[in-house]
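File shown: work.txt. Contents: compact mmCIF, C-alpha atoms.
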# COMPACT_ATOMS: atom_id res chain seq x y z
CA VAL X 1 13.55 30.91 -7.15
CA ALA X 2 10.00 31.80 -6.13
CA ALA X 3 10.74 35.53 -5.94
CA VAL X 4 12.54 35.64 -9.29
CA ALA X 5 9.71 33.71 -10.93
CA GLN X 6 6.99 35.99 -9.58
CA GLU X 7 8.68 39.38 -9.99
CA VAL X 8 10.71 38.80 -13.16
CA GLY X 9 9.43 35.69 -14.91
CA VAL X 10 5.66 36.13 -14.75
CA PRO X 11 5.69 39.52 -16.54
CA ALA X 12 7.95 38.02 -19.22
CA VAL X 13 5.67 34.97 -19.70
CA ALA X 14 2.64 37.27 -19.79
CA GLY X 15 4.26 39.25 -22.61
CA ILE X 16 4.13 42.59 -20.81
CA GLY X 17 7.90 42.92 -20.46
CA VAL X 18 10.04 42.89 -17.35
CA PRO X 19 10.83 45.82 -15.04
CA GLN X 20 13.98 47.75 -15.87
CA TRP X 21 15.57 46.74 -12.58
CA ALA X 22 15.16 43.08 -13.54
CA GLU X 23 18.05 43.40 -15.99
CA GLY X 24 20.33 43.74 -12.97
CA VAL X 25 18.93 40.52 -11.51
CA GLN X 26 19.51 38.70 -14.76
CA SER X 27 23.09 40.02 -15.00
CA ALA X 28 23.80 38.99 -11.40
CA ILE X 29 22.63 35.45 -12.09
CA VAL X 30 24.97 35.20 -15.09
CA ASP X 31 27.96 36.82 -13.36
CA CYS X 32 27.77 35.15 -9.94
CA GLY X 33 30.76 32.81 -9.86
CA ASP X 34 29.65 30.99 -6.70
CA LEU X 35 26.32 29.88 -8.18
CA PRO X 36 26.23 26.18 -9.18
CA ASP X 37 25.49 25.86 -12.89
CA PRO X 38 22.24 23.86 -12.45
CA ILE X 39 20.87 26.53 -10.07
CA ARG X 40 21.96 29.23 -12.51
CA LYS X 41 20.03 27.50 -15.31
CA MET X 42 16.99 27.16 -13.04
CA LEU X 43 17.05 30.86 -12.17
CA GLN X 44 17.50 31.84 -15.81
CA PHE X 45 14.45 29.76 -16.73
CA PHE X 46 12.41 31.44 -13.99
CA CYS X 47 13.54 34.84 -15.24
CA GLY X 48 11.20 34.06 -18.13
CA GLU X 49 13.67 32.46 -20.55
CA ILE X 50 11.24 29.66 -21.32
CA GLY X 51 11.64 29.38 -25.08
CA GLY X 52 8.76 27.29 -26.41
CA LEU X 53 8.66 24.88 -23.47
CA LEU X 54 5.30 26.01 -22.05
CA GLN X 55 2.25 25.57 -24.24
CA GLY X 56 -1.33 26.82 -24.27
CA SER X 57 -2.96 30.19 -23.67
CA THR X 58 -1.17 32.97 -21.83
CA GLY X 59 -3.18 32.17 -18.69
CA ARG X 60 -2.29 28.49 -18.86
CA ARG X 61 1.42 29.27 -19.41
CA ILE X 62 1.44 31.56 -16.35
CA LEU X 63 -0.35 28.88 -14.31
CA VAL X 64 2.22 26.23 -15.29
CA PHE X 65 5.15 28.63 -14.81
CA ARG X 66 4.07 29.51 -11.26
CA TRP X 67 3.49 25.88 -10.39
CA LEU X 68 6.92 24.84 -11.70
CA ALA X 69 8.47 27.61 -9.60
CA HIS X 70 6.59 26.32 -6.54
CA LEU X 71 7.73 22.76 -7.32
CA SER X 72 11.36 23.83 -7.79
CA ALA X 73 11.48 26.00 -4.66
CA LEU X 74 10.02 23.26 -2.48
CA SER X 75 12.34 20.66 -4.02
CA LEU X 76 15.43 22.69 -3.16
CA THR X 77 14.40 22.68 0.51
CA ALA X 78 12.99 19.14 0.50
CA ALA X 79 16.33 17.64 -0.54
CA SER X 80 17.61 17.93 3.05
CA GLN X 81 14.35 17.06 4.80
CA ALA X 82 12.22 13.98 5.37
CA VAL X 83 9.07 15.03 3.53
CA TRP X 84 6.93 13.24 0.97
CA LEU X 85 8.34 15.48 -1.77
CA THR X 86 11.96 14.44 -1.10
CA PRO X 87 12.06 11.79 -3.90
CA VAL X 88 10.92 14.51 -6.34
CA ALA X 89 13.77 16.70 -5.14
CA VAL X 90 16.21 13.86 -5.75
CA ALA X 91 14.90 13.43 -9.30
CA ILE X 92 15.49 17.14 -9.99
CA LEU X 93 18.88 17.45 -8.32
CA ASP X 94 20.36 14.04 -9.21
CA PRO X 95 18.46 12.26 -12.04
CA ALA X 96 20.83 9.28 -12.02
CA ALA X 97 19.74 8.45 -8.47
CA VAL X 98 16.21 7.51 -9.59
CA GLN X 99 17.03 5.37 -12.62
CA ASP X 100 16.41 2.19 -10.60
CA SER X 101 13.46 3.59 -8.66
CA PHE X 102 9.78 3.24 -9.48
CA LEU X 103 8.25 6.61 -10.21
CA PRO X 104 4.55 7.21 -9.56
CA ALA X 105 2.02 7.15 -12.42
CA MET X 106 4.35 5.40 -14.85
CA PRO X 107 2.91 2.65 -17.09
CA MET X 108 2.41 -0.55 -15.14
CA ASP X 109 3.35 -4.05 -16.22
CA ALA X 110 0.61 -5.30 -18.54
CA ARG X 111 0.88 -8.78 -17.03
CA ALA X 112 0.31 -7.44 -13.53
CA ALA X 113 -2.69 -5.49 -14.78
CA MET X 114 -4.10 -8.64 -16.36
CA SER X 115 -3.64 -10.64 -13.16
CA HIS X 116 -5.27 -7.86 -11.18
CA ILE X 117 -8.38 -8.10 -13.37
CA LEU X 118 -8.55 -11.81 -14.19
CA GLY X 119 -6.70 -13.43 -11.30
CA GLY X 120 -4.32 -16.27 -12.08
CA GLY X 121 -0.56 -16.22 -11.82
CA TRP X 122 2.66 -15.99 -13.84
CA TYR X 123 5.43 -18.57 -13.95
CA LYS X 124 8.67 -19.20 -15.80
CA CYS X 125 9.84 -22.29 -17.64
CA PRO X 126 13.36 -23.74 -17.04
CA ASN X 127 14.70 -21.37 -19.72
CA GLY X 128 13.12 -18.25 -18.25
CA HIS X 129 10.13 -17.87 -20.62
CA SER X 130 6.99 -16.55 -18.94
CA TYR X 131 3.61 -18.26 -19.06
CA TYR X 132 0.25 -17.67 -17.44
CA VAL X 133 -2.03 -19.97 -15.43
CA ASP X 134 -5.62 -18.77 -15.20
CA ALA X 135 -8.40 -19.42 -12.65
CA CYS X 136 -6.83 -20.02 -9.22
CA GLY X 137 -3.36 -19.45 -10.61
CA ARG X 138 -2.00 -22.89 -9.65
CA PRO X 139 -1.15 -25.48 -12.36
CA THR X 140 -3.23 -28.59 -12.96
CA GLU X 141 -1.62 -29.92 -16.15
CA VAL X 142 1.76 -30.26 -17.83
CA LEU X 143 2.18 -28.62 -21.24
CA GLN X 144 5.11 -27.48 -23.39
CA CYS X 145 6.56 -23.99 -23.47
CA PRO X 146 5.61 -22.39 -26.80
CA GLU X 147 9.03 -20.71 -26.91
CA CYS X 148 11.40 -23.61 -26.27
CA GLY X 149 9.33 -26.77 -25.82
CA ALA X 150 10.32 -27.39 -22.19
CA ASP X 151 7.74 -28.85 -19.80
CA ILE X 152 5.69 -26.20 -18.01
CA GLY X 153 2.91 -26.22 -15.42
CA GLY X 154 2.39 -29.06 -12.96
CA LEU X 155 -0.19 -31.42 -11.48
CA ASP X 156 -2.52 -31.21 -8.51
CA HIS X 157 -1.66 -27.54 -7.95
CA GLU X 158 2.03 -28.41 -7.54
CA LEU X 159 4.50 -26.57 -9.82
CA LEU X 160 7.13 -28.61 -11.64
CA GLU X 161 10.46 -28.42 -9.81
CA SER X 162 12.14 -27.18 -13.00
CA ASN X 163 9.78 -24.20 -13.18
CA LYS X 164 9.55 -21.21 -10.86
CA LYS X 165 7.02 -18.59 -9.94
CA GLY X 166 7.41 -15.41 -11.96
CA THR X 167 7.62 -11.89 -10.65
CA GLU X 168 4.10 -10.56 -10.22
CA ASP X 169 4.94 -7.04 -11.29
CA GLU X 170 7.78 -6.15 -13.63
CA SER X 171 6.87 -2.51 -14.18
CA PRO X 172 9.83 -0.58 -15.61
CA SER X 173 11.90 1.61 -13.33
CA GLY X 174 12.77 5.26 -13.91
CA TYR X 175 10.85 7.41 -16.36
CA SER X 176 9.13 5.03 -18.76
CA VAL X 177 6.40 6.86 -20.72
CA SER X 178 7.41 6.28 -24.33
CA ALA X 179 7.78 9.20 -26.72
CA TYR X 180 5.22 7.35 -28.85
CA ASN X 181 2.81 6.80 -25.98
CA GLU X 182 -0.53 8.45 -26.74
CA ASN X 183 -0.49 10.23 -23.40
CA HIS X 184 -2.62 13.08 -24.71
CA LEU X 185 -5.42 10.74 -25.82
CA ASP X 186 -5.68 8.59 -22.69
CA ARG X 187 -8.23 10.76 -20.93
CA PHE X 188 -9.39 8.16 -18.41
CA LEU X 189 -5.95 7.01 -17.32
CA HIS X 190 -6.23 4.15 -14.82
CA LEU X 191 -3.14 3.04 -12.90
CA ARG X 192 -3.44 0.49 -10.14
CA GLU X 193 -6.08 1.79 -7.68
CA LEU X 194 -5.82 5.46 -8.65
CA SER X 195 -8.75 7.40 -10.09
CA PRO X 196 -8.19 9.01 -13.52
CA LEU X 197 -7.75 12.44 -11.90
CA ALA X 198 -5.31 11.23 -9.24
CA ALA X 199 -3.29 9.32 -11.83
CA ARG X 200 -3.21 12.33 -14.15
CA MET X 201 -2.16 14.73 -11.37
CA LEU X 202 0.67 12.41 -10.30
CA ARG X 203 1.82 12.02 -13.88
CA ALA X 204 1.82 15.83 -14.18
CA LEU X 205 4.02 15.92 -11.07
CA VAL X 206 6.48 13.49 -12.68
CA HIS X 207 6.51 15.39 -15.99
CA GLY X 208 6.97 18.72 -14.19
CA THR X 209 9.84 17.20 -12.23
CA MET X 210 11.48 15.80 -15.36
CA LEU X 211 11.03 19.12 -17.18
CA VAL X 212 12.86 21.06 -14.45
CA SER X 213 15.52 18.33 -14.32
CA ALA X 214 16.04 18.46 -18.10
CA ILE X 215 16.29 22.27 -18.03
CA THR X 216 18.91 22.34 -15.29
CA ARG X 217 21.01 19.23 -15.96
CA ASP X 218 21.22 16.02 -18.00
CA ALA X 219 17.99 14.11 -17.25
CA LYS X 220 18.81 11.13 -19.50
CA PRO X 221 20.05 8.90 -16.63
CA ALA X 222 16.52 8.94 -15.15
CA VAL X 223 14.94 7.70 -18.39
CA ASN X 224 14.44 3.95 -18.81
CA GLU X 225 16.18 2.37 -21.81
CA ILE X 226 12.81 1.22 -23.20
CA VAL X 227 12.01 4.85 -24.06
CA ASP X 228 13.08 6.03 -27.50
CA LEU X 229 14.76 9.26 -26.41
CA PRO X 230 13.65 12.32 -28.37
CA PRO X 231 16.38 14.79 -29.42
CA ASN X 232 15.01 17.58 -27.19
CA LEU X 233 14.15 16.29 -23.71
CA PRO X 234 12.91 19.61 -22.24
CA GLU X 235 10.55 20.05 -25.20
CA PHE X 236 9.29 16.47 -24.87
CA PHE X 237 8.59 16.79 -21.14
CA GLY X 238 6.94 20.16 -21.75
CA GLN X 239 4.59 18.56 -24.28
CA GLN X 240 3.76 15.69 -21.95
CA LEU X 241 3.11 18.10 -19.06
CA ALA X 242 0.81 20.17 -21.27
CA ALA X 243 -1.15 17.02 -22.16
CA ASP X 244 -1.45 16.04 -18.49
CA LEU X 245 -2.70 19.43 -17.39
CA GLY X 246 -5.12 19.74 -20.28
CA LEU X 247 -6.71 16.40 -19.43
CA ALA X 248 -6.69 17.16 -15.69
CA ALA X 249 -8.48 20.45 -16.38
CA GLU X 250 -11.16 18.58 -18.36
CA LEU X 251 -11.67 16.12 -15.51
CA LEU X 252 -12.02 19.07 -13.11
CA GLY X 253 -14.64 20.77 -15.26
CA GLY X 254 -12.41 22.92 -17.45
CA ALA X 255 -11.59 25.79 -15.08
CA ASP X 256 -7.91 26.75 -14.86
CA GLU X 257 -8.53 28.26 -11.41
CA THR X 258 -9.59 24.85 -10.06
CA LEU X 259 -6.61 23.20 -11.71
CA ALA X 260 -4.22 25.72 -10.15
CA VAL X 261 -5.65 25.16 -6.67
CA CYS X 262 -5.33 21.37 -7.02
CA LEU X 263 -1.75 21.58 -8.31
CA HIS X 264 -0.54 23.82 -5.50
CA ASP X 265 -2.49 21.91 -2.85
CA MET X 266 -0.82 18.70 -4.04
CA LEU X 267 2.62 20.26 -3.51
CA GLU X 268 1.68 21.54 -0.07
CA ALA X 269 0.39 18.10 0.93
CA LEU X 270 3.59 16.46 -0.29
CA SER X 271 5.65 18.97 1.72
CA THR X 272 4.40 17.63 5.05
CA PRO X 273 6.94 15.78 7.22
CA VAL X 274 7.20 12.03 6.88
CA ASP X 275 6.92 9.85 9.95
CA VAL X 276 10.18 8.02 9.23
CA ARG X 277 9.48 5.33 11.81
CA GLY X 278 6.06 4.67 10.33
CA LEU X 279 7.48 4.77 6.80
CA ASN X 280 10.15 2.21 7.67
CA GLN X 281 7.51 -0.06 9.17
CA ALA X 282 5.46 0.26 5.99
CA LEU X 283 8.50 -0.58 3.86
CA GLU X 284 9.19 -3.64 5.99
CA LYS X 285 5.64 -4.82 5.40
CA LEU X 286 5.99 -4.28 1.66
CA SER X 287 9.19 -6.31 1.57
CA SER X 288 7.75 -9.16 3.66
CA SER X 289 5.65 -12.07 2.49
CA GLN X 290 2.57 -10.70 4.24
CA ALA X 291 -0.42 -10.74 1.93
CA PRO X 292 -2.03 -7.41 1.05
CA GLY X 293 -4.98 -6.72 3.32
CA ASP X 294 -3.51 -8.76 6.24
CA GLU X 295 -1.49 -5.89 7.64
CA GLU X 296 -2.60 -3.99 10.71
CA GLU X 297 -4.20 -0.62 10.18
CA ASP X 298 -1.82 2.32 10.57
CA ASP X 299 -2.82 5.38 12.53
CA GLU X 300 -0.76 7.66 10.32
CA GLU X 301 -1.54 8.17 6.67
CA GLY X 302 0.40 9.93 3.97
CA PRO X 303 -1.16 12.66 1.85
CA ALA X 304 -3.64 11.47 -0.72
CA ALA X 305 -2.97 12.26 -4.37

For the file at hand, write its structure as structure tokens.
Amino acid sequence: VAAVAQEVGVPAVAGIGVPQWAEGVQSAIVDCGDLPDPIRKMLQFFCGEIGGLLQGSTGRRILVFRWLAHLSALSLTAASQAVWLTPVAVAILDPAAVQDSFLPAMPMDARAAMSHILGGGWYKCPNGHSYYVDACGRPTEVLQCPECGADIGGLDHELLESNKKGTEDESPSGYSVSAYNENHLDRFLHLRELSPLAARMLRALVHGTMLVSAITRDAKPAVNEIVDLPPNLPEFFGQQLAADLGLAAELLGGADETLAVCLHDMLEALSTPVDVRGLNQALEKLSSSQAPGDEEEDDEEGPAA
């Protein structure tokens, strides 16, 4: 993938034409009966058959093309390894496998964001309608649900037995950036504790992943049902990726060279082996009732965005 992209695809994207010998490579990709169809489509894309999927100046298109080749090549090897990039590889090779997973840099639950800023807590009435208790987050009065009229709240910080504590974070799973989301206008994207640059780079990683997935196979299973699916998924993900990289370049000072270094360094960092034992311990902590900040400090850290 990397070799085809560099020797055949880059000249095509640059508009200088491809070497005469490259026609043989292209014919071999089409004629090889043992090549899985998704890999064939990937190789054809990296031969320079990009259509209108990559936007911007010639330099920016080459930058994105090379980075997508790097992402795809690493993903093909990461699928059988325990590295930080393995979930990305799964999203490319089997989109249906991530439909119930939480992808990085996707929009977070607005209620969780509100609680993070204001404090308080969410609860549900006997009929499942959500309501919010401010201040300390524990009820001190009994009111009526505005949806169904059932009693909600409680007294003396004790929740009514008919009510229950709501889920703190109901962020959507899978790919959940709406086609109508003004992704290209949200320059200072803030998600959880990520800086705008880190959030934007991770969102670019997701959009690059989804673009390759949509080019090589049906990516619809990875898309959450809340998203109004556009008719052309590769084109949509290409537009979203272009918006991400444009905004990331602005945050980095506008130089494409700096953007390219950051993009490739991110992939290299995510290609480092995962300490599976340490990861399992971290997952156990996340699934326990231990409060954030009470956990012991880990010696090993994953790569920073």

* Could you state the separation of CA of Arg203 (chain X) and CA of Val88 (chain X) in Å, given to one decimal place? ->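 Atom-to-atom, CA of Arg203 (chain X) and CA of Val88 (chain X) are spaced 12.1 Å apart.
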
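The set of protein, DNA and RNA residues with any counted atom at most 8 Å from (15.0, 39.2, -11.7) (all atoms listed in the file) reads Val4, Ala5, Glu7, Val8, Gly9, Trp21, Ala22, Glu23, Gly24, Val25, Gln26 and Cys47 of chain X.
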
Output C-alpha atoms for every residue in that selection, as an mmCIF file, keeping the file's coordinate frame.
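The new file result11.cif reads:
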data_model
loop_
_atom_site.group_PDB
_atom_site.id
_atom_site.type_symbol
_atom_site.label_atom_id
_atom_site.label_comp_id
_atom_site.auth_asym_id
_atom_site.auth_seq_id
_atom_site.Cartn_x
_atom_site.Cartn_y
_atom_site.Cartn_z
ATOM 1 C CA VAL X 4 12.540 35.640 -9.290
ATOM 2 C CA ALA X 5 9.710 33.710 -10.930
ATOM 3 C CA GLU X 7 8.680 39.380 -9.990
ATOM 4 C CA VAL X 8 10.710 38.800 -13.160
ATOM 5 C CA GLY X 9 9.430 35.690 -14.910
ATOM 6 C CA TRP X 21 15.570 46.740 -12.580
ATOM 7 C CA ALA X 22 15.160 43.080 -13.540
ATOM 8 C CA GLU X 23 18.050 43.400 -15.990
ATOM 9 C CA GLY X 24 20.330 43.740 -12.970
ATOM 10 C CA VAL X 25 18.930 40.520 -11.510
ATOM 11 C CA GLN X 26 19.510 38.700 -14.760
ATOM 12 C CA CYS X 47 13.540 34.840 -15.240
#

* Selection near region 134-148 of chain X, 6 Å with only C-alpha atoms, sequence-local residues under 6 positions removed, as a PyMOL selection string -> chain X and resi 120-121+154-157

* Separation of CA of Val223 (chain X) and CA of Ser176 (chain X), in Å? -> 6.4 Å

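When CA of Pro221 (chain X) is paired with CA of Gly174 (chain X), their separation reads 8.6 Å.
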
Cut-off 8 Å: closest region 16-118 of chain X/region 187-192 of chain X atom pairs per residue, using only C-alpha atoms, as a Markdown table:
| residue | atom | partner | partner_atom | distance |
| --- | --- | --- | --- | --- |
| X:Ala105 | CA | X:Leu191 | CA | 6.6 |
| X:Pro107 | CA | X:Leu191 | CA | 7.4 |
| X:Met108 | CA | X:Leu191 | CA | 7.0 |
| X:Ala113 | CA | X:Arg192 | CA | 7.6 |

With C-alpha atoms retained, could you export that selection as a PDB file, in the coordinates of the input?
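Below is the file selection.pdb, written as the result:
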ATOM      1  CA  ALA X 105       2.020   7.150 -12.420  1.00  0.00           C
ATOM      2  CA  PRO X 107       2.910   2.650 -17.090  1.00  0.00           C
ATOM      3  CA  MET X 108       2.410  -0.550 -15.140  1.00  0.00           C
ATOM      4  CA  ALA X 113      -2.690  -5.490 -14.780  1.00  0.00           C
TER       5      ALA X 113
END

* Determine the nearest neighbour of Lys124 (chain X) from the options X:Pro231, X:Gly153, X:Pro95, X:Pro87, counting all atoms listed in the file. => X:Gly153

* Choose the residue, out of X:Gly15, X:Pro36, X:Glu158, X:Thr272, that has the smallest atom-to-atom separation from Ser57 (chain X); count only C-alpha atoms. =>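 Closest candidate: X:Gly15.
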
* Counting only C-alpha atoms, which of X:Ile39, X:Ala242, X:Ala91, X:Ala97 gets nearest to Leu53 (chain X)? ->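 Of X:Ile39, X:Ala242, X:Ala91, X:Ala97, the one nearest Leu53 (chain X), counting only C-alpha atoms, is X:Ala242.
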
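Between Ser171 (chain X) and the residues X:Met210, X:Ile226, X:Ala269, X:Val133, the shortest atom-to-atom distance, using all atoms listed in the file, involves X:Ile226.
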
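If you measure from each of X:Val83, X:Ala28, X:Met42, X:Leu270 to Leu205 (chain X) using all atoms listed in the file, the closest one turns out to be X:Leu270.
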
Please return, as a PDB file with C-alpha atoms, in the frame of the given file, all polymer residues that have at least one atom within 12 Å of the point (-12.2, 19.1, -17.5); use only C-alpha atoms and the file's own coordinate frame.
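And here is the file that came out, point-v9.pdb:
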ATOM      1  CA  ARG X 187      -8.230  10.760 -20.930  1.00  0.00           C
ATOM      2  CA  PHE X 188      -9.390   8.160 -18.410  1.00  0.00           C
ATOM      3  CA  PRO X 196      -8.190   9.010 -13.520  1.00  0.00           C
ATOM      4  CA  LEU X 197      -7.750  12.440 -11.900  1.00  0.00           C
ATOM      5  CA  ARG X 200      -3.210  12.330 -14.150  1.00  0.00           C
ATOM      6  CA  ASP X 244      -1.450  16.040 -18.490  1.00  0.00           C
ATOM      7  CA  LEU X 245      -2.700  19.430 -17.390  1.00  0.00           C
ATOM      8  CA  GLY X 246      -5.120  19.740 -20.280  1.00  0.00           C
ATOM      9  CA  LEU X 247      -6.710  16.400 -19.430  1.00  0.00           C
ATOM     10  CA  ALA X 248      -6.690  17.160 -15.690  1.00  0.00           C
ATOM     11  CA  ALA X 249      -8.480  20.450 -16.380  1.00  0.00           C
ATOM     12  CA  GLU X 250     -11.160  18.580 -18.360  1.00  0.00           C
ATOM     13  CA  LEU X 251     -11.670  16.120 -15.510  1.00  0.00           C
ATOM     14  CA  LEU X 252     -12.020  19.070 -13.110  1.00  0.00           C
ATOM     15  CA  GLY X 253     -14.640  20.770 -15.260  1.00  0.00           C
ATOM     16  CA  GLY X 254     -12.410  22.920 -17.450  1.00  0.00           C
ATOM     17  CA  ALA X 255     -11.590  25.790 -15.080  1.00  0.00           C
ATOM     18  CA  ASP X 256      -7.910  26.750 -14.860  1.00  0.00           C
ATOM     19  CA  GLU X 257      -8.530  28.260 -11.410  1.00  0.00           C
ATOM     20  CA  THR X 258      -9.590  24.850 -10.060  1.00  0.00           C
ATOM     21  CA  LEU X 259      -6.610  23.200 -11.710  1.00  0.00           C
TER      22      LEU X 259
END

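Residues within 9 Å of Glu49 (chain X), counting only C-alpha atoms and excluding same-chain residues fewer than 5 positions away, are Gly9, Ala12, Val13 and Gln44 of chain X.
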
* Counting all atoms listed in the file, the residue of X:Val98, X:Ile215, X:Ala199, X:Val18 that sits nearest Gly51 (chain X) -> X:Ile215

* To do: Would you kindly return, as an NGL selection string, each protein, DNA or RNA residue with an atom no farther than 10 Å from any atom of Ala78 (chain X), considering all atoms listed in the file and excluding same-chain residues fewer than 3 positions away?
  => :X and (72-75 or 81-90 or 270-273)

Next, dump the selected residues to file, keeping only C-alpha atoms, as a PDB file, keeping the file's coordinate frame.
ATOM      1  CA  SER X  72      11.360  23.830  -7.790  1.00  0.00           C
ATOM      2  CA  ALA X  73      11.480  26.000  -4.660  1.00  0.00           C
ATOM      3  CA  LEU X  74      10.020  23.260  -2.480  1.00  0.00           C
ATOM      4  CA  SER X  75      12.340  20.660  -4.020  1.00  0.00           C
ATOM      5  CA  GLN X  81      14.350  17.060   4.800  1.00  0.00           C
ATOM      6  CA  ALA X  82      12.220  13.980   5.370  1.00  0.00           C
ATOM      7  CA  VAL X  83       9.070  15.030   3.530  1.00  0.00           C
ATOM      8  CA  TRP X  84       6.930  13.240   0.970  1.00  0.00           C
ATOM      9  CA  LEU X  85       8.340  15.480  -1.770  1.00  0.00           C
ATOM     10  CA  THR X  86      11.960  14.440  -1.100  1.00  0.00           C
ATOM     11  CA  PRO X  87      12.060  11.790  -3.900  1.00  0.00           C
ATOM     12  CA  VAL X  88      10.920  14.510  -6.340  1.00  0.00           C
ATOM     13  CA  ALA X  89      13.770  16.700  -5.140  1.00  0.00           C
ATOM     14  CA  VAL X  90      16.210  13.860  -5.750  1.00  0.00           C
ATOM     15  CA  LEU X 270       3.590  16.460  -0.290  1.00  0.00           C
ATOM     16  CA  SER X 271       5.650  18.970   1.720  1.00  0.00           C
ATOM     17  CA  THR X 272       4.400  17.630   5.050  1.00  0.00           C
ATOM     18  CA  PRO X 273       6.940  15.780   7.220  1.00  0.00           C
TER      19      PRO X 273
END
